[in-house]
>>> print(open('data-v2.cif').read())   # mmCIF, C-alpha atoms
data_coords
#
loop_
_atom_site.label_atom_id
_atom_site.label_comp_id
_atom_site.auth_asym_id
_atom_site.auth_seq_id
_atom_site.Cartn_x
_atom_site.Cartn_y
_atom_site.Cartn_z
CA MET A 1 0.00 0.00 0.00
CA SER A 2 2.77 2.42 1.01
CA GLY A 3 5.47 1.41 -1.46
CA PRO A 4 5.11 0.78 -5.17
CA ALA A 5 5.20 -2.86 -6.14
CA ASP A 6 7.94 -2.58 -8.74
CA ASP A 7 10.87 -2.61 -6.29
CA ARG A 8 10.30 -6.28 -5.88
CA GLY A 9 12.39 -7.47 -8.83
CA SER A 10 15.38 -5.18 -8.36
CA GLY A 11 15.90 -5.36 -4.64
CA GLY A 12 14.55 -8.78 -3.73
CA ASP A 13 17.78 -10.56 -2.75
CA ARG A 14 19.87 -7.58 -1.61
CA LYS A 15 17.59 -6.89 1.30
CA SER A 16 18.19 -8.12 4.81
CA PRO A 17 16.03 -11.03 5.97
CA ASP A 18 14.14 -8.61 8.19
CA ASP A 19 13.25 -6.41 5.22
CA LYS A 20 12.35 -9.46 3.26
CA ALA A 21 9.92 -10.66 5.89
CA ALA A 22 8.28 -7.23 6.05
CA PHE A 23 8.03 -7.20 2.30
CA GLU A 24 6.46 -10.64 2.25
CA ALA A 25 3.97 -9.51 4.85
CA ARG A 26 3.10 -6.46 2.79
CA LEU A 27 2.75 -8.59 -0.31
CA SER A 28 0.38 -11.03 1.31
CA ASP A 29 -1.55 -8.12 2.78
CA LEU A 30 -1.93 -6.63 -0.67
CA GLU A 31 -2.99 -9.94 -2.10
CA GLY A 32 -5.67 -10.26 0.56
CA LYS A 33 -6.98 -6.78 -0.24
CA LEU A 34 -6.97 -7.46 -3.97
CA GLY A 35 -8.84 -10.66 -3.37
CA LYS A 36 -11.43 -8.80 -1.35
CA VAL A 37 -11.92 -6.17 -4.06
CA ARG A 38 -12.17 -8.86 -6.69
CA ALA A 39 -14.74 -10.75 -4.67
CA GLN A 40 -16.77 -7.57 -4.20
CA ARG A 41 -16.70 -6.76 -7.86
CA GLY A 42 -17.72 -10.30 -8.67
CA ASN A 43 -20.58 -10.08 -6.19
CA ALA A 44 -21.79 -6.81 -7.66
CA GLN A 45 -21.80 -8.33 -11.13
CA GLN A 46 -23.51 -11.43 -9.84
CA SER A 47 -26.29 -9.49 -8.14
CA GLU A 48 -26.75 -7.35 -11.24
CA THR A 49 -27.25 -10.38 -13.46
CA ASP A 50 -29.39 -11.87 -10.72
CA ALA A 51 -31.69 -8.84 -10.75
CA LYS A 52 -31.86 -8.95 -14.52
CA MET A 53 -32.62 -12.63 -14.48
CA ARG A 54 -35.26 -12.15 -11.81
CA GLY A 55 -37.03 -9.55 -13.94
CA ARG A 56 -36.77 -11.91 -16.88
CA GLY A 57 -37.93 -14.85 -14.81
CA MET A 58 -41.03 -13.00 -13.66
CA ALA A 59 -41.84 -12.09 -17.23
CA TYR A 60 -41.39 -15.70 -18.32
CA GLY A 61 -43.48 -17.01 -15.45
CA MET A 62 -46.25 -14.60 -16.30
CA ARG A 63 -46.02 -15.64 -19.93
CA MET A 64 -46.28 -19.33 -19.12
CA ALA A 65 -49.25 -18.79 -16.82
CA THR A 66 -51.20 -16.76 -19.35
CA GLU A 67 -50.39 -19.14 -22.20
CA PHE A 68 -51.84 -22.02 -20.23
CA VAL A 69 -54.88 -20.29 -18.79
CA ALA A 70 -55.82 -18.51 -22.03
CA ALA A 71 -56.18 -21.77 -23.94
CA ILE A 72 -58.37 -23.28 -21.22
CA ILE A 73 -60.60 -20.20 -21.19
CA VAL A 74 -60.95 -20.23 -24.97
CA GLY A 75 -61.69 -23.96 -25.02
CA GLY A 76 -64.25 -23.59 -22.25
CA LEU A 77 -65.94 -20.65 -23.96
CA ILE A 78 -66.24 -22.47 -27.27
CA GLY A 79 -67.73 -25.50 -25.52
CA TRP A 80 -70.12 -23.36 -23.53
CA ALA A 81 -71.31 -21.52 -26.65
CA LEU A 82 -71.78 -24.78 -28.56
CA ASP A 83 -73.73 -26.22 -25.64
CA ARG A 84 -76.06 -23.26 -25.57
CA TRP A 85 -76.56 -23.48 -29.31
CA LEU A 86 -77.07 -27.27 -29.47
CA GLY A 87 -78.75 -27.63 -26.07
CA THR A 88 -76.38 -30.36 -24.95
CA THR A 89 -75.27 -28.86 -21.64
CA PRO A 90 -72.75 -29.86 -20.23
CA TRP A 91 -71.18 -32.41 -22.55
CA VAL A 92 -69.63 -30.32 -25.30
CA PHE A 93 -68.37 -27.92 -22.67
CA LEU A 94 -66.62 -30.73 -20.82
CA GLY A 95 -65.04 -32.02 -24.00
CA PHE A 96 -63.79 -28.63 -25.12
CA PHE A 97 -62.60 -27.80 -21.63
CA LEU A 98 -60.33 -30.83 -21.81
CA LEU A 99 -59.23 -29.91 -25.33
CA GLY A 100 -58.48 -26.44 -23.99
CA CYS A 101 -56.23 -27.99 -21.35
CA VAL A 102 -54.43 -29.93 -24.07
CA ALA A 103 -54.05 -26.77 -26.14
CA GLY A 104 -52.72 -25.03 -23.03
CA VAL A 105 -50.02 -27.64 -22.61
CA LEU A 106 -49.23 -27.30 -26.31
CA ASN A 107 -48.87 -23.54 -25.83
CA LEU A 108 -46.59 -24.14 -22.86
CA MET A 109 -44.38 -26.49 -24.82
CA ARG A 110 -44.10 -24.01 -27.67
CA ALA A 111 -43.40 -21.11 -25.36
CA TYR A 112 -40.78 -23.18 -23.59
CA GLU A 113 -39.14 -24.12 -26.87
CA ARG A 114 -38.95 -20.45 -27.89
CA MET A 115 -37.63 -19.50 -24.47
CA ARG A 116 -34.99 -22.21 -24.64
CA LYS A 117 -33.86 -20.98 -28.04
CA GLU A 118 -33.66 -17.40 -26.83
CA MET A 119 -31.63 -18.41 -23.83
CA ALA A 120 -29.42 -20.66 -25.89
CA ALA A 121 -28.72 -17.83 -28.31
CA GLU A 122 -27.76 -15.62 -25.39
CA THR A 123 -25.61 -17.97 -23.36
CA GLY A 124 -24.17 -19.97 -26.21
CA GLY A 125 -26.04 -23.12 -25.34
CA ARG A 126 -24.81 -23.38 -21.78
CA ILE A 127 -28.14 -23.77 -20.07
CA GLY A 128 -28.51 -25.18 -16.62
CA THR A 129 -24.82 -24.99 -15.90
CA LYS A 130 -23.46 -22.15 -13.87
CA LEU A 131 -21.53 -19.72 -16.02
CA PRO A 132 -17.93 -19.36 -14.89
CA ASP A 133 -17.66 -15.76 -13.71
CA ASP A 134 -14.67 -14.72 -15.76
CA GLU A 135 -14.32 -11.07 -16.70
CA GLU A 136 -15.38 -11.37 -20.30
CA ASP A 137 -18.65 -13.25 -20.47
CA MET B 1 -47.80 5.80 -8.36
CA ALA B 2 -49.47 9.12 -7.86
CA ALA B 3 -49.14 10.97 -4.60
CA PRO B 4 -51.42 9.12 -2.20
CA THR B 5 -54.87 10.50 -2.55
CA GLY B 6 -55.47 10.35 1.18
CA GLY B 7 -58.60 8.77 2.57
CA THR B 8 -61.26 10.80 4.28
CA GLU B 9 -59.79 9.92 7.67
CA GLY B 10 -56.25 10.76 6.66
CA VAL B 11 -54.91 7.62 8.36
CA GLY B 12 -56.63 4.92 6.33
CA MET B 13 -55.10 3.12 3.40
CA PRO B 14 -55.33 5.22 0.25
CA ASP B 15 -57.27 3.37 -2.40
CA PRO B 16 -54.70 1.61 -4.63
CA ILE B 17 -57.23 1.20 -7.44
CA HIS B 18 -58.08 4.88 -7.64
CA GLN B 19 -55.20 5.51 -10.07
CA PHE B 20 -56.95 3.44 -12.73
CA ASP B 21 -60.14 5.51 -12.71
CA ILE B 22 -61.24 6.74 -16.08
CA HIS B 23 -63.04 10.03 -16.26
CA ARG B 24 -64.45 11.90 -19.20
CA ILE B 25 -62.74 15.09 -20.24
CA ILE B 26 -64.88 15.86 -23.27
CA PRO B 27 -68.12 13.82 -23.32
CA ILE B 28 -68.94 12.65 -26.83
CA LYS B 29 -71.86 10.47 -27.88
CA ILE B 30 -72.03 8.78 -31.23
CA PHE B 31 -75.36 7.03 -31.95
CA GLY B 32 -75.82 6.41 -28.26
CA TRP B 33 -72.32 4.97 -27.84
CA ASP B 34 -70.14 6.63 -25.29
CA ALA B 35 -67.09 7.76 -27.24
CA SER B 36 -65.94 10.40 -24.82
CA PHE B 37 -62.45 11.80 -24.81
CA THR B 38 -61.13 10.47 -21.49
CA ASN B 39 -57.91 10.77 -19.53
CA SER B 40 -56.93 7.50 -21.18
CA SER B 41 -57.40 9.02 -24.62
CA LEU B 42 -55.48 12.08 -23.48
CA PHE B 43 -52.43 10.01 -22.55
CA MET B 44 -52.59 8.08 -25.81
CA VAL B 45 -52.57 11.39 -27.66
CA ILE B 46 -49.68 12.59 -25.50
CA ALA B 47 -47.74 9.41 -26.28
CA ALA B 48 -48.40 9.71 -30.00
CA VAL B 49 -47.45 13.40 -30.08
CA LEU B 50 -44.31 12.76 -28.01
CA THR B 51 -43.19 9.93 -30.26
CA VAL B 52 -43.85 11.64 -33.55
CA GLY B 53 -42.43 14.90 -32.24
CA PHE B 54 -39.30 13.28 -30.92
CA ILE B 55 -38.57 11.31 -34.04
CA MET B 56 -39.20 14.28 -36.30
CA VAL B 57 -37.02 16.60 -34.25
CA SER B 58 -34.26 14.06 -33.73
CA MET B 59 -34.13 13.03 -37.37
CA SER B 60 -34.44 16.54 -38.78
CA GLY B 61 -30.66 16.91 -38.96
CA ARG B 62 -30.20 13.68 -40.92
CA SER B 63 -26.48 13.90 -40.35
CA LEU B 64 -24.23 11.04 -41.33
CA VAL B 65 -22.65 11.12 -37.90
CA PRO B 66 -25.67 11.11 -35.62
CA GLY B 67 -25.95 13.38 -32.65
CA ARG B 68 -27.39 12.30 -29.32
CA MET B 69 -31.05 12.62 -30.28
CA GLN B 70 -30.59 11.05 -33.68
CA SER B 71 -28.71 8.16 -32.06
CA MET B 72 -31.67 7.42 -29.84
CA SER B 73 -34.03 7.21 -32.80
CA GLU B 74 -31.55 5.08 -34.69
CA VAL B 75 -31.04 2.75 -31.77
CA ALA B 76 -34.80 2.24 -31.56
CA TYR B 77 -34.92 1.57 -35.29
CA GLU B 78 -32.02 -0.89 -35.15
CA PHE B 79 -33.52 -2.65 -32.16
CA ILE B 80 -36.81 -3.39 -33.88
CA ALA B 81 -35.19 -4.07 -37.25
CA ASN B 82 -32.87 -6.68 -35.73
CA MET B 83 -35.72 -8.29 -33.83
CA MET B 84 -37.79 -8.56 -36.98
CA ARG B 85 -34.88 -9.81 -39.07
CA ASP B 86 -34.33 -12.60 -36.56
CA ALA B 87 -37.96 -13.51 -36.00
CA ILE B 88 -39.48 -13.08 -39.46
CA GLY B 89 -36.59 -13.37 -41.88
CA GLU B 90 -37.15 -12.43 -45.49
CA GLY B 91 -39.75 -9.81 -46.23
CA TRP B 92 -39.73 -8.24 -42.77
CA GLN B 93 -39.40 -4.71 -44.17
CA LYS B 94 -43.02 -4.67 -45.29
CA TYR B 95 -44.31 -4.97 -41.75
CA PHE B 96 -41.73 -2.76 -40.08
CA PRO B 97 -43.91 0.35 -39.78
CA PHE B 98 -46.65 -1.63 -38.04
CA VAL B 99 -44.37 -3.38 -35.56
CA PHE B 100 -42.27 -0.30 -34.89
CA THR B 101 -45.35 1.81 -34.19
CA LEU B 102 -46.74 -0.86 -31.91
CA PHE B 103 -43.52 -1.11 -29.90
CA ILE B 104 -42.95 2.61 -29.53
CA PHE B 105 -46.58 3.25 -28.64
CA ILE B 106 -46.66 0.62 -25.89
CA PHE B 107 -43.21 1.51 -24.64
CA VAL B 108 -43.99 5.22 -24.36
CA LEU B 109 -47.35 4.50 -22.70
CA ASN B 110 -45.67 2.20 -20.16
CA MET B 111 -42.96 4.74 -19.44
CA LEU B 112 -45.44 7.62 -19.14
CA GLY B 113 -47.24 5.51 -16.58
CA MET B 114 -44.07 5.34 -14.51
CA ILE B 115 -44.18 9.11 -13.94
CA PRO B 116 -45.95 9.78 -10.64
CA GLY B 117 -49.44 11.12 -11.10
CA PHE B 118 -49.67 10.02 -14.71
CA PHE B 119 -52.25 7.61 -15.99
CA THR B 120 -51.12 4.17 -17.20
CA VAL B 121 -53.11 3.45 -20.32
CA THR B 122 -51.75 -0.08 -20.72
CA SER B 123 -53.09 -1.12 -17.31
CA HIS B 124 -56.57 -1.35 -18.85
CA ILE B 125 -57.42 -4.59 -20.57
CA ALA B 126 -59.69 -2.75 -23.00
CA VAL B 127 -56.63 -1.08 -24.49
CA THR B 128 -54.33 -4.09 -24.52
CA ALA B 129 -57.11 -6.32 -25.86
CA ALA B 130 -57.77 -3.85 -28.66
CA LEU B 131 -54.09 -3.92 -29.57
CA ALA B 132 -53.95 -7.71 -29.35
CA VAL B 133 -57.07 -8.11 -31.51
CA LEU B 134 -55.58 -5.67 -34.00
CA VAL B 135 -52.49 -7.89 -34.22
CA PHE B 136 -54.62 -11.05 -34.37
CA VAL B 137 -56.80 -9.80 -37.21
CA SER B 138 -53.82 -8.37 -39.10
CA VAL B 139 -52.02 -11.69 -38.80
CA ILE B 140 -55.00 -13.55 -40.26
CA ILE B 141 -55.37 -11.07 -43.13
CA ILE B 142 -51.63 -11.04 -43.84
CA GLY B 143 -51.56 -14.82 -43.67
CA PHE B 144 -54.32 -15.27 -46.23
CA ALA B 145 -52.92 -12.49 -48.42
CA ALA B 146 -49.44 -13.96 -48.46
CA ASN B 147 -50.24 -17.66 -48.66
CA GLY B 148 -53.87 -17.98 -49.68
CA LEU B 149 -55.42 -21.19 -48.39
CA HIS B 150 -51.95 -22.47 -47.56
CA PHE B 151 -52.28 -20.36 -44.44
CA LEU B 152 -54.65 -23.01 -43.07
CA LYS B 153 -51.67 -25.37 -42.96
CA LEU B 154 -50.91 -23.61 -39.70
CA PHE B 155 -53.63 -25.76 -38.15
CA VAL B 156 -52.54 -29.03 -39.72
CA PRO B 157 -49.20 -30.15 -38.37
CA GLU B 158 -47.28 -32.59 -40.52
CA GLY B 159 -46.80 -36.24 -39.64
CA VAL B 160 -49.98 -36.70 -37.65
CA PRO B 161 -51.93 -39.95 -38.21
CA ALA B 162 -55.24 -39.36 -39.96
CA ALA B 163 -57.15 -40.97 -37.10
CA ILE B 164 -56.38 -38.24 -34.59
CA LEU B 165 -55.97 -35.41 -37.10
CA PRO B 166 -59.43 -33.85 -36.43
CA LEU B 167 -58.66 -33.73 -32.73
CA VAL B 168 -55.26 -32.15 -33.35
CA VAL B 169 -56.78 -29.56 -35.67
CA VAL B 170 -59.35 -28.58 -33.03
CA ILE B 171 -56.57 -28.27 -30.45
CA GLU B 172 -54.49 -26.17 -32.83
CA ILE B 173 -57.46 -23.89 -33.47
CA ILE B 174 -58.05 -23.44 -29.75
CA SER B 175 -54.36 -22.71 -29.32
CA PHE B 176 -54.54 -20.15 -32.13
CA LEU B 177 -57.62 -18.47 -30.70
CA SER B 178 -56.00 -18.24 -27.27
CA ARG B 179 -53.28 -16.00 -28.67
CA PRO B 180 -54.99 -12.62 -28.40
CA LEU B 181 -56.13 -13.51 -24.89
CA SER B 182 -52.70 -14.33 -23.52
CA HIS B 183 -51.18 -11.55 -25.59
CA SER B 184 -53.39 -8.91 -24.00
CA ILE B 185 -53.60 -10.31 -20.48
CA ARG B 186 -49.84 -10.43 -20.10
CA LEU B 187 -49.26 -6.75 -20.78
CA PHE B 188 -52.29 -5.59 -18.83
CA ALA B 189 -51.68 -7.82 -15.79
CA ASN B 190 -48.03 -6.85 -15.50
CA MET B 191 -48.75 -3.15 -15.60
CA LEU B 192 -51.76 -3.42 -13.30
CA ALA B 193 -50.00 -5.55 -10.70
CA GLY B 194 -46.88 -3.39 -10.72
CA HIS B 195 -48.75 -0.16 -10.23
CA ILE B 196 -50.98 -1.55 -7.50
CA THR B 197 -47.92 -2.82 -5.64
CA LEU B 198 -46.23 0.54 -5.86
CA LYS B 199 -49.36 2.27 -4.67
CA VAL B 200 -49.78 -0.12 -1.75
CA PHE B 201 -46.23 0.55 -0.59
CA GLY B 202 -46.88 4.28 -0.93
CA GLY B 203 -49.99 3.74 1.18
CA PHE B 204 -47.92 2.02 3.89
CA VAL B 205 -45.84 5.17 4.27
CA VAL B 206 -48.94 7.26 4.85
CA MET B 207 -50.39 4.73 7.29
CA LEU B 208 -47.18 4.45 9.29
CA LEU B 209 -46.81 8.21 9.50
CA GLY B 210 -50.43 8.54 10.48
CA ALA B 211 -50.03 5.97 13.24
CA GLY B 212 -47.72 8.37 15.07
CA GLY B 213 -45.23 7.74 17.83
CA ALA B 214 -42.50 5.11 17.48
CA VAL B 215 -44.29 3.42 14.61
CA SER B 216 -43.74 6.46 12.42
CA ALA B 217 -40.02 5.79 12.58
CA LEU B 218 -40.66 2.76 10.38
CA ALA B 219 -42.08 4.91 7.59
CA PRO B 220 -38.84 5.07 5.54
CA LEU B 221 -38.83 1.28 5.13
CA PRO B 222 -41.68 1.09 2.60
CA ILE B 223 -40.11 4.03 0.76
CA VAL B 224 -36.96 1.96 0.28
CA ALA B 225 -39.07 -0.92 -1.01
CA ALA B 226 -40.99 1.42 -3.32
CA VAL B 227 -37.75 2.79 -4.76
CA ALA B 228 -36.49 -0.73 -5.43
CA LEU B 229 -39.83 -1.68 -6.97
CA THR B 230 -39.81 1.41 -9.16
CA SER B 231 -36.57 0.34 -10.79
CA LEU B 232 -38.00 -3.12 -11.31
CA GLU B 233 -41.14 -1.57 -12.80
CA VAL B 234 -39.12 0.45 -15.28
CA LEU B 235 -37.54 -2.81 -16.38
CA VAL B 236 -40.95 -4.48 -16.61
CA ALA B 237 -42.32 -1.54 -18.61
CA PHE B 238 -39.63 -2.05 -21.22
CA LEU B 239 -39.72 -5.82 -21.07
CA GLN B 240 -43.47 -6.04 -21.59
CA ALA B 241 -43.35 -3.70 -24.56
CA TYR B 242 -40.57 -5.90 -25.92
CA VAL B 243 -42.46 -9.14 -25.26
CA PHE B 244 -45.60 -7.79 -26.88
CA THR B 245 -43.66 -6.79 -29.98
CA MET B 246 -41.65 -9.99 -30.03
CA LEU B 247 -44.82 -12.10 -29.99
CA THR B 248 -46.29 -9.96 -32.76
CA CYS B 249 -43.20 -10.80 -34.82
CA MET B 250 -43.63 -14.49 -34.08
CA TYR B 251 -47.28 -14.46 -35.09
CA LEU B 252 -46.34 -12.61 -38.28
CA ASN B 253 -43.72 -15.25 -38.91
CA ASP B 254 -46.35 -17.96 -38.50
CA ALA B 255 -48.60 -16.15 -40.93
CA LEU B 256 -45.88 -15.73 -43.54
CA HIS B 257 -44.36 -19.18 -43.20
CA PRO B 258 -47.12 -21.58 -42.13
CA GLY B 259 -46.44 -25.26 -41.96
CA HIS B 260 -43.47 -25.17 -39.64
#
>>> encode(input="data-v2.cif", output="structure tokens")
Amino acid sequence: MSGPADDRGSGGDRKSPDDKAAFEARLSDLEGKLGKVRAQRGNAQQSETDAKMRGRGMAYGMRMATEFVAAIIVGGLIGWALDRWLGTTPWVFLGFFLLGCVAGVLNLMRAYERMRKEMAAETGGRIGTKLPDDEED
Amino acid sequence: MAAPTGGTEGVGMPDPIHQFDIHRIIPIKIFGWDASFTNSSLFMVIAAVLTVGFIMVSMSGRSLVPGRMQSMSEVAYEFIANMMRDAIGEGWQKYFPFVFTLFIFIFVLNMLGMIPGFFTVTSHIAVTAALAVLVFVSVIIIGFAANGLHFLKLFVPEGVPAAILPLVVVIEIISFLSRPLSHSIRLFANMLAGHITLKVFGGFVVMLLGAGGAVSALAPLPIVAAVALTSLEVLVAFLQAYVFTMLTCMYLNDALHPGH
């Protein structure tokens, strides 16, 4: 902290053992500090991506929920309308309600596939594994 | 979002729904239909004027090396153009004006809603549903115009045994019809939920202060939460505009290239 680091190479072996020990202590001290700063920076980056991912995750969750529910509602409505028209309450409704559920799952699978592609394009296919937090990601 | 309206007692929870009230500014009746100019309409006009004004002013220089304002317009253009190039592929240019307008309109409306005291147009399902139906109907028309009856291939996936094909077609149709619903609900629900949450936290501040004594010392806590939520809401405002536009691109892609 007090002295510049570049006197290490020139004066390393000419120094008395006492000096050397002090220098070693300073060096390890510096290393500890650097490590701390690095860890902090890493944490800040981590939490930033975390916040971003959380926002994204909420959006995706919302998307999945609506995809699923919307299909069930549409299926149910079609069935209900057909029932009223044909006077077959509640059979067509029940059938279309189930078909709506199937369509909902289909929507989910498609939305998931799109999501997976988006994520794969962003992370280079490394999904599910923790990204190594090197500087250039 | 707006400054808490303050209940009649002064201590009670301010109504978090009050911010979504629609009131008529200029009452208009057309053949008995209420077509009044409301605060919602006002903010839509503000958004449209802001957008058109900004783009016209920023692009008026038309310099080769863009200035700050021109850069912003160009970034917006590039953003949508890249999205469409990726999602639609060939022939995206034709639909650029539509998608670009849609994105900017929703984005500006969402962002205007983030300003305290302003009305959030996109938190009303009537508005988002109208936009979603507009996209839905356009997609159908574009699909038939571009591919004729081939567009119906969208409902007939390949490689399905004839025995269960009718069932699959019905399911595909239900899935197709559910699009405008999920499309509109997503935008509306996100904006509505976000703004109610913000308002509720704002209400906590008022309630804690009103409680008096040692409890009032806790009042800054909800403010901290509201600040954090506001930044999240700004992100959501952008993200939802993006998602809405992105899905529009995907539906357009389906219409232009049915059968896969």
>>> residues_near_point(input="data-v2.cif", point="(-50.9, -3.2, -32.4)", cutoff="8 Å", atoms="only C-alpha atoms", output="ChimeraX atom specification")
/B:98-99,101-102,130-135
>>> write_last_selection(input="data-v2.cif", atoms="C-alpha atoms", output="compact mmCIF listing (two decimals), in the coordinates of the input")
# COMPACT_ATOMS: atom_id res chain seq x y z
CA PHE B 98 -46.65 -1.63 -38.04
CA VAL B 99 -44.37 -3.38 -35.56
CA THR B 101 -45.35 1.81 -34.19
CA LEU B 102 -46.74 -0.86 -31.91
CA ALA B 130 -57.77 -3.85 -28.66
CA LEU B 131 -54.09 -3.92 -29.57
CA ALA B 132 -53.95 -7.71 -29.35
CA VAL B 133 -57.07 -8.11 -31.51
CA LEU B 134 -55.58 -5.67 -34.00
CA VAL B 135 -52.49 -7.89 -34.22
>>> interface_residues(input="data-v2.cif", of="chain B", to="chain A", cutoff="9 Å", atoms="all atoms listed in the file", output="list in words")
Leu167, Val170, Ile171, Glu172, Ile173, Ile174, Ser175, Phe176, Leu177, Ser178, Arg179, Pro180, Leu181, Ser182, His183, Ile185, Arg186, Ala189, Asn190, Leu232, Leu235, Val236, Leu239, Gln240 and Val243 of chain B
>>> atom_distance(input="data-v2.cif", atom1="atom CA of B:Ala35", atom2="atom CA of B:Asp21")
16.3 Å
>>> atom_distance(input="data-v2.cif", atom1="atom CA of B:Phe144", atom2="atom CA of B:Ala255")
7.8 Å
>>> atom_distance(input="data-v2.cif", atom1="atom CA of B:Val169", atom2="atom CA of A:Thr88")
22.4 Å
